[in-house]
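This is input-v9.tsv (TSV, C-alpha atoms).
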```tsv
chain	number	residue	atom	x	y	z
A	1	MET	CA	148.67	142.05	132.06
A	2	ALA	CA	151.26	144.78	131.56
A	3	ALA	CA	153.49	145.26	134.60
A	4	PRO	CA	152.20	148.76	135.54
A	5	ASP	CA	148.56	147.57	135.37
A	6	PHE	CA	149.41	144.52	137.43
A	7	GLU	CA	151.12	146.64	140.03
A	8	HIS	CA	148.25	149.12	140.08
A	9	ASP	CA	145.66	146.38	140.60
A	10	LEU	CA	147.83	144.68	143.19
A	11	VAL	CA	148.13	147.87	145.23
A	12	GLY	CA	144.38	148.37	144.94
A	13	ALA	CA	143.70	144.88	146.31
A	14	ILE	CA	145.90	145.17	149.43
A	15	SER	CA	143.10	146.48	151.66
A	16	HIS	CA	140.90	143.52	150.70
A	17	LEU	CA	143.73	141.05	151.19
A	18	ARG	CA	144.23	142.44	154.68
A	19	ALA	CA	140.55	142.04	155.52
A	20	PHE	CA	140.46	138.49	154.15
A	21	ALA	CA	143.65	137.60	156.03
A	22	ARG	CA	141.99	138.62	159.31
A	23	SER	CA	139.48	135.84	158.83
A	24	PHE	CA	142.40	133.42	159.13
A	25	ALA	CA	144.56	135.22	161.67
A	26	ASN	CA	142.89	137.31	164.32
A	27	ASP	CA	146.21	138.93	165.24
A	28	PRO	CA	146.52	141.88	162.80
A	29	ALA	CA	150.33	141.60	162.68
A	30	ARG	CA	150.14	137.96	161.71
A	31	ALA	CA	147.45	138.76	159.13
A	32	ASP	CA	149.68	141.45	157.61
A	33	ASP	CA	152.60	138.99	157.42
A	34	LEU	CA	150.30	136.74	155.46
A	35	VAL	CA	149.47	139.60	153.09
A	36	GLN	CA	153.14	140.47	152.59
A	37	GLU	CA	154.01	136.94	151.66
A	38	THR	CA	151.00	136.87	149.34
A	39	LEU	CA	152.23	140.02	147.58
A	40	VAL	CA	155.67	138.49	147.02
A	41	LYS	CA	154.15	135.29	145.61
A	42	ALA	CA	151.68	137.21	143.44
A	43	TRP	CA	154.40	139.48	142.09
A	44	ASN	CA	156.72	136.59	141.28
A	45	SER	CA	154.02	134.58	139.58
A	46	ARG	CA	152.27	137.43	137.78
A	47	ASP	CA	152.84	135.74	134.42
A	48	SER	CA	150.47	132.99	135.51
A	49	PHE	CA	147.55	135.39	135.93
A	50	THR	CA	145.10	135.17	133.02
A	51	PRO	CA	143.96	138.69	132.04
A	52	GLY	CA	140.19	139.02	132.03
A	53	THR	CA	139.73	136.62	134.93
A	54	ASN	CA	138.94	137.76	138.46
A	55	PHE	CA	142.14	139.29	139.80
A	56	ARG	CA	140.98	139.46	143.40
A	57	ALA	CA	139.93	135.80	143.32
A	58	TRP	CA	143.40	134.91	142.00
A	59	LEU	CA	145.04	136.83	144.85
A	60	PHE	CA	142.77	135.31	147.48
A	61	THR	CA	143.67	131.84	146.21
A	62	ILE	CA	147.35	132.67	146.69
A	63	LEU	CA	146.76	134.05	150.19
A	64	ARG	CA	144.91	130.89	151.10
A	65	ASN	CA	147.73	128.71	149.82
A	66	VAL	CA	150.28	130.77	151.74
A	67	TYR	CA	148.23	130.44	154.90
A	68	PHE	CA	147.77	126.69	154.64
A	69	SER	CA	151.41	126.00	153.87
A	70	GLN	CA	152.45	128.09	156.90
A	71	HIS	CA	149.71	126.54	158.98
A	72	ARG	CA	150.92	123.01	158.29
A	73	LYS	CA	154.42	124.04	159.34
A	74	LEU	CA	153.18	125.80	162.48
A	75	ARG	CA	151.07	122.86	163.53
A	76	ARG	CA	154.17	120.75	163.62
A	77	GLU	CA	156.23	123.32	165.51
A	78	VAL	CA	154.00	125.05	168.04
A	79	ASP	CA	150.42	125.11	169.27
A	80	ASP	CA	147.70	125.15	166.70
A	81	PRO	CA	147.22	128.83	165.80
A	82	ASP	CA	143.50	128.20	165.27
A	83	GLU	CA	143.28	127.22	168.88
A	84	GLN	CA	145.07	130.42	169.87
A	85	TYR	CA	142.62	132.32	167.70
A	86	GLN	CA	139.66	130.73	169.46
A	87	ASN	CA	141.16	131.56	172.85
A	88	SER	CA	141.74	135.19	171.91
A	89	LEU	CA	138.03	135.53	171.18
A	90	SER	CA	136.66	135.03	174.64
A	91	VAL	CA	135.76	138.70	174.91
A	92	PRO	CA	132.63	139.52	176.90
A	93	PRO	CA	129.94	141.38	174.93
A	94	GLU	CA	129.83	145.15	175.34
A	95	GLN	CA	126.93	146.76	177.15
A	96	HIS	CA	125.65	148.98	174.33
A	97	GLY	CA	122.14	149.21	172.98
A	98	HIS	CA	122.92	147.33	169.80
A	99	LEU	CA	125.04	144.38	168.78
A	100	ASP	CA	128.61	145.56	168.97
A	101	LEU	CA	131.03	144.66	166.20
A	102	ALA	CA	133.19	143.03	168.86
A	103	ASP	CA	130.28	140.77	169.82
A	104	PHE	CA	129.75	139.86	166.22
A	105	ARG	CA	133.44	139.14	165.64
A	106	THR	CA	133.53	136.99	168.75
A	107	ALA	CA	130.68	134.91	167.38
A	108	LEU	CA	132.27	134.77	163.91
A	109	GLY	CA	135.49	133.58	165.48
A	110	THR	CA	133.81	130.61	167.07
A	111	LEU	CA	132.76	129.21	163.69
A	112	PRO	CA	134.78	126.37	162.18
A	113	SER	CA	137.38	128.03	159.94
A	114	ASP	CA	136.04	126.55	156.68
A	115	GLN	CA	132.58	127.93	157.43
A	116	ARG	CA	133.93	131.33	158.43
A	117	GLU	CA	135.98	131.51	155.24
A	118	ALA	CA	133.00	130.62	153.01
A	119	LEU	CA	130.78	133.15	154.78
A	120	VAL	CA	133.38	135.92	154.47
A	121	LEU	CA	134.01	135.23	150.77
A	122	VAL	CA	130.31	135.18	149.84
A	123	GLY	CA	128.68	137.41	152.45
A	124	ALA	CA	131.35	140.07	152.99
A	125	GLU	CA	133.56	140.07	149.91
A	126	GLY	CA	130.62	139.42	147.55
A	127	PHE	CA	132.07	136.54	145.55
A	128	SER	CA	129.63	134.24	143.79
A	129	TYR	CA	129.34	130.69	145.11
A	130	GLU	CA	131.23	129.58	141.99
A	131	GLU	CA	134.10	132.01	142.58
A	132	ALA	CA	134.30	131.09	146.25
A	133	ALA	CA	134.39	127.39	145.29
A	134	GLU	CA	137.27	128.07	142.94
A	135	ILE	CA	139.20	130.01	145.59
A	136	CYS	CA	138.73	127.23	148.15
A	137	GLY	CA	139.28	124.43	145.66
A	138	CYS	CA	136.02	122.68	146.49
A	139	ALA	CA	132.59	122.04	144.98
A	140	VAL	CA	129.98	124.80	144.69
A	141	GLY	CA	127.60	122.71	146.81
A	142	THR	CA	130.22	122.53	149.55
A	143	ILE	CA	130.47	126.33	149.66
A	144	LYS	CA	126.68	126.67	149.76
A	145	SER	CA	126.40	124.25	152.64
A	146	ARG	CA	129.25	125.90	154.55
A	147	VAL	CA	127.64	129.33	154.13
A	148	ASN	CA	124.28	127.99	155.28
A	149	ARG	CA	125.76	126.24	158.26
A	150	ALA	CA	127.72	129.39	159.16
A	151	ARG	CA	124.57	131.54	158.99
A	152	ASN	CA	122.52	129.10	161.01
A	153	ARG	CA	125.25	128.79	163.58
A	154	LEU	CA	125.53	132.59	163.96
A	155	VAL	CA	121.79	132.85	164.43
A	156	GLU	CA	122.03	130.06	166.97
A	157	ILE	CA	124.80	131.86	168.87
A	158	LEU	CA	123.45	135.40	168.60
A	159	GLY	CA	119.77	135.15	167.87
A	160	ASP	CA	118.45	132.20	169.81
A	161	PRO	CA	115.02	133.35	171.10
A	162	ASP	CA	115.49	131.11	174.11
A	163	LEU	CA	118.45	133.22	175.14
A	164	LYS	CA	116.48	136.44	174.97
A	165	GLY	CA	114.91	136.07	178.39
A	166	GLY	CA	118.08	134.76	179.96
A	167	GLN	CA	118.79	137.57	182.36
A	168	GLY	CA	122.37	138.00	183.35
A	169	SER	CA	123.69	135.66	180.69
A	170	SER	CA	125.86	137.30	178.08
A	171	GLY	CA	124.02	135.33	175.41
A	172	GLY	CA	120.81	137.04	176.42
A	173	HIS	CA	122.29	140.51	175.95
A	174	VAL	CA	123.67	139.64	172.56
A	175	ALA	CA	120.43	138.07	171.34
A	176	ASP	CA	118.46	141.11	172.53
A	177	LYS	CA	120.74	143.47	170.68
A	178	LEU	CA	120.58	141.41	167.54
A	179	VAL	CA	116.79	141.40	167.56
A	180	LYS	CA	116.82	145.18	168.16
A	181	ASP	CA	119.20	145.61	165.23
A	182	ALA	CA	116.97	143.42	163.07
A	183	VAL	CA	113.88	145.48	163.96
A	184	ARG	CA	115.69	148.74	163.27
A	185	GLY	CA	116.61	147.45	159.83
X	1	MET	CA	120.25	136.19	148.48
X	2	THR	CA	117.66	133.59	149.38
X	3	ILE	CA	116.92	132.82	152.96
X	4	PRO	CA	116.27	129.13	153.22
X	5	LYS	CA	114.59	129.44	156.60
X	6	SER	CA	111.67	131.34	155.09
X	7	VAL	CA	110.64	128.42	152.91
X	8	GLN	CA	110.97	125.85	155.62
X	9	PRO	CA	107.83	124.81	157.44
X	10	THR	CA	107.41	126.87	160.56
X	11	GLN	CA	109.20	125.50	163.56
X	12	HIS	CA	106.95	127.36	165.93
X	13	VAL	CA	105.68	125.11	168.67
X	14	ALA	CA	101.98	125.50	169.45
X	15	GLY	CA	101.47	127.47	172.62
X	16	GLU	CA	104.89	129.11	172.42
X	17	SER	CA	104.46	132.87	172.51
X	18	ASP	CA	107.88	134.46	172.57
X	19	VAL	CA	106.83	137.13	170.07
X	20	ASP	CA	103.22	138.09	169.45
X	21	ASP	CA	101.75	138.03	165.96
X	22	GLU	CA	105.07	137.71	164.15
X	23	PRO	CA	105.73	134.52	162.20
X	24	ALA	CA	109.01	132.92	163.25
X	25	ALA	CA	110.21	132.85	159.65
X	26	SER	CA	110.16	136.62	159.23
X	27	ILE	CA	112.04	137.05	162.51
X	28	ASP	CA	114.65	134.64	161.18
X	29	ALA	CA	114.82	136.57	157.92
X	30	ALA	CA	115.23	139.84	159.81
X	31	ILE	CA	117.96	138.33	161.98
X	32	GLN	CA	119.71	136.94	158.90
X	33	GLY	CA	119.52	140.41	157.34
X	34	ALA	CA	120.97	142.00	160.46
X	35	LEU	CA	123.74	139.42	160.55
X	36	GLY	CA	124.57	140.05	156.88
X	37	ARG	CA	124.86	143.78	157.53
X	38	LYS	CA	127.01	143.16	160.60
X	39	LEU	CA	129.30	140.88	158.60
X	40	ARG	CA	129.79	143.48	155.86
X	41	GLU	CA	130.22	146.26	158.41
X	42	SER	CA	132.86	144.24	160.26
X	43	TYR	CA	134.71	143.42	157.04
X	44	GLU	CA	134.47	146.92	155.57
X	45	GLU	CA	135.94	148.38	158.72
X	46	VAL	CA	139.18	146.52	158.00
X	47	VAL	CA	139.06	147.29	154.25
X	48	ARG	CA	138.79	151.01	155.04
X	49	GLU	CA	141.82	150.99	157.34
X	50	GLU	CA	144.72	152.93	155.95
X	51	VAL	CA	147.16	150.54	154.25
X	52	PRO	CA	150.54	150.77	156.03
X	53	ASP	CA	153.50	152.00	153.96
X	54	LYS	CA	155.36	148.72	154.40
X	55	PHE	CA	153.27	147.10	151.65
X	56	ARG	CA	154.07	149.80	149.11
X	57	LYS	CA	157.71	149.57	150.13
X	58	LEU	CA	157.68	145.80	149.69
X	59	LEU	CA	156.48	146.17	146.11
X	60	ASP	CA	159.10	148.84	145.42
X	61	ASP	CA	161.77	146.47	146.79
X	62	LEU	CA	160.50	143.64	144.60
X	63	LYS	CA	160.67	145.84	141.51
X	64	LEU	CA	164.12	147.07	142.44
X	65	ALA	CA	165.44	143.56	143.03
X	66	GLU	CA	164.07	142.53	139.67
X	67	SER	CA	165.65	145.41	137.76
X	68	ASP	CA	168.95	144.77	139.59
X	69	ARG	CA	168.87	141.15	138.54
X	70	GLY	CA	167.90	142.20	135.02
X	71	SER	CA	170.86	144.56	134.56
X	72	ALA	CA	173.29	142.17	136.26
X	73	GLY	CA	172.28	139.42	133.87
X	74	GLY	CA	172.39	141.82	130.95
X	75	LYS	CA	169.06	140.47	129.62
X	76	VAL	CA	166.83	143.41	130.22
X	77	GLY	CA	167.43	146.82	128.72
X	78	LYS	CA	165.98	150.16	129.82
X	79	GLY	CA	162.26	150.66	130.37
```
Just give me the structure as structure tokens.
Amino acid sequence: MAAPDFEHDLVGAISHLRAFARSFANDPARADDLVQETLVKAWNSRDSFTPGTNFRAWLFTILRNVYFSQHRKLRREVDDPDEQYQNSLSVPPEQHGHLDLADFRTALGTLPSDQREALVLVGAEGFSYEEAAEICGCAVGTIKSRVNRARNRLVEILGDPDLKGGQGSSGGHVADKLVKDAVRG
Amino acid sequence: MTIPKSVQPTQHVAGESDVDDEPAASIDAAIQGALGRKLRESYEEVVREEVPDKFRKLLDDLKLAESDRGSAGGKVGKG
């Protein structure tokens, strides 16, 4: 890819890199650090990008590698950042008539990180199972099962009919809202 | 996207009447649909955020560093 095209596409992908990075790091500043490092790596290795292949998938693979190499280092040095992420998510659901985005994000944050990643790649970013498998360096079947488990788990957390009647429990509020949202379409 | 729940045998226990007249599978499908929309909404909200200038500046710095190195090494000409 010619340098100006590469730069143009790279700039265009930043907003998506930032969104994807948030699925790893809940702290926006930390997510942006991840994106910055990804941009440096992508720029320096732009000759290794094969024109005609999925540029965003290539960038997401780099971001993932950056995250996991930092993560391994961090695990040795301080507390597990995933644990910090989980702790930061104990936000009580809002009292609105429908499922608040904050409620949803709280639930999403409780998923195991590999399931959350697969769900975000396929369900939010719109990658095919094959593309997501390539980004994560695993089998297509693994992605499918992670996505399914993630969906089922979210339904369990947010949509459990048994929680609907549970007055006073936060789970009950969330499940009610989700069912209302589902009915509204 | 297929919703596996809808092809599974119904898990409704006889005598359970949490929702009248609605098969459990279609409720599940509706909830899955609502979850999918929520997921995209949540993600899109971040995508639509204005990208801070620091990213643009980082790329400018990378280009500048490269052209500096290029002229210092004498390998790269103009353009």
For chain A, report every residue with an atom at most 6 Å from chain X (counting all atoms listed in the file), formatted as a PDB file with C-alpha atoms, in the coordinates of the input.
```
ATOM      1  CA  SER A  15     143.100 146.480 151.660  1.00  0.00           C
ATOM      2  CA  HIS A  16     140.900 143.520 150.700  1.00  0.00           C
ATOM      3  CA  ALA A  19     140.550 142.040 155.520  1.00  0.00           C
ATOM      4  CA  ALA A 124     131.350 140.070 152.990  1.00  0.00           C
ATOM      5  CA  ALA A 182     116.970 143.420 163.070  1.00  0.00           C
TER       6      ALA A 182
END
```
*Within 10 Å of Ala133 (chain A), counting all atoms listed in the file, which residues qualify if same-chain residues fewer than 4 places away don't, as a PyMOL selection string?*
chain A and resi 118+121-122+127-129+137-144
_Distance of CA of Arg105 (chain A) from CA of Ser26 (chain X), expressed in Å to one decimal place_ =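 It comes out at 24.3 Å.
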*Grab the CA of Lys57 (chain X) to CA of Trp43 (chain A) distance for me, in Å with one decimal place.*
13.3 Å
*Please identify all polymer residues lying at most 6 Å from the point (145.8, 140.9, 149.0) (file coordinates), using all atoms listed in the file, and present the result as a PyMOL selection string.*
chain A and resi 13-14+16-17+35+59
*Just give me the gap between CA of Ala42 (chain A) and CA of Gly12 (chain A) in Å, one decimal is fine.*
13.4 Å
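Minimum atom-to-atom distances from A:Glu7, A:Glu131, A:Asp33, A:Asp114 to Ala150 (chain A) were compared using only C-alpha atoms, and the lowest value belongs to A:Asp114.
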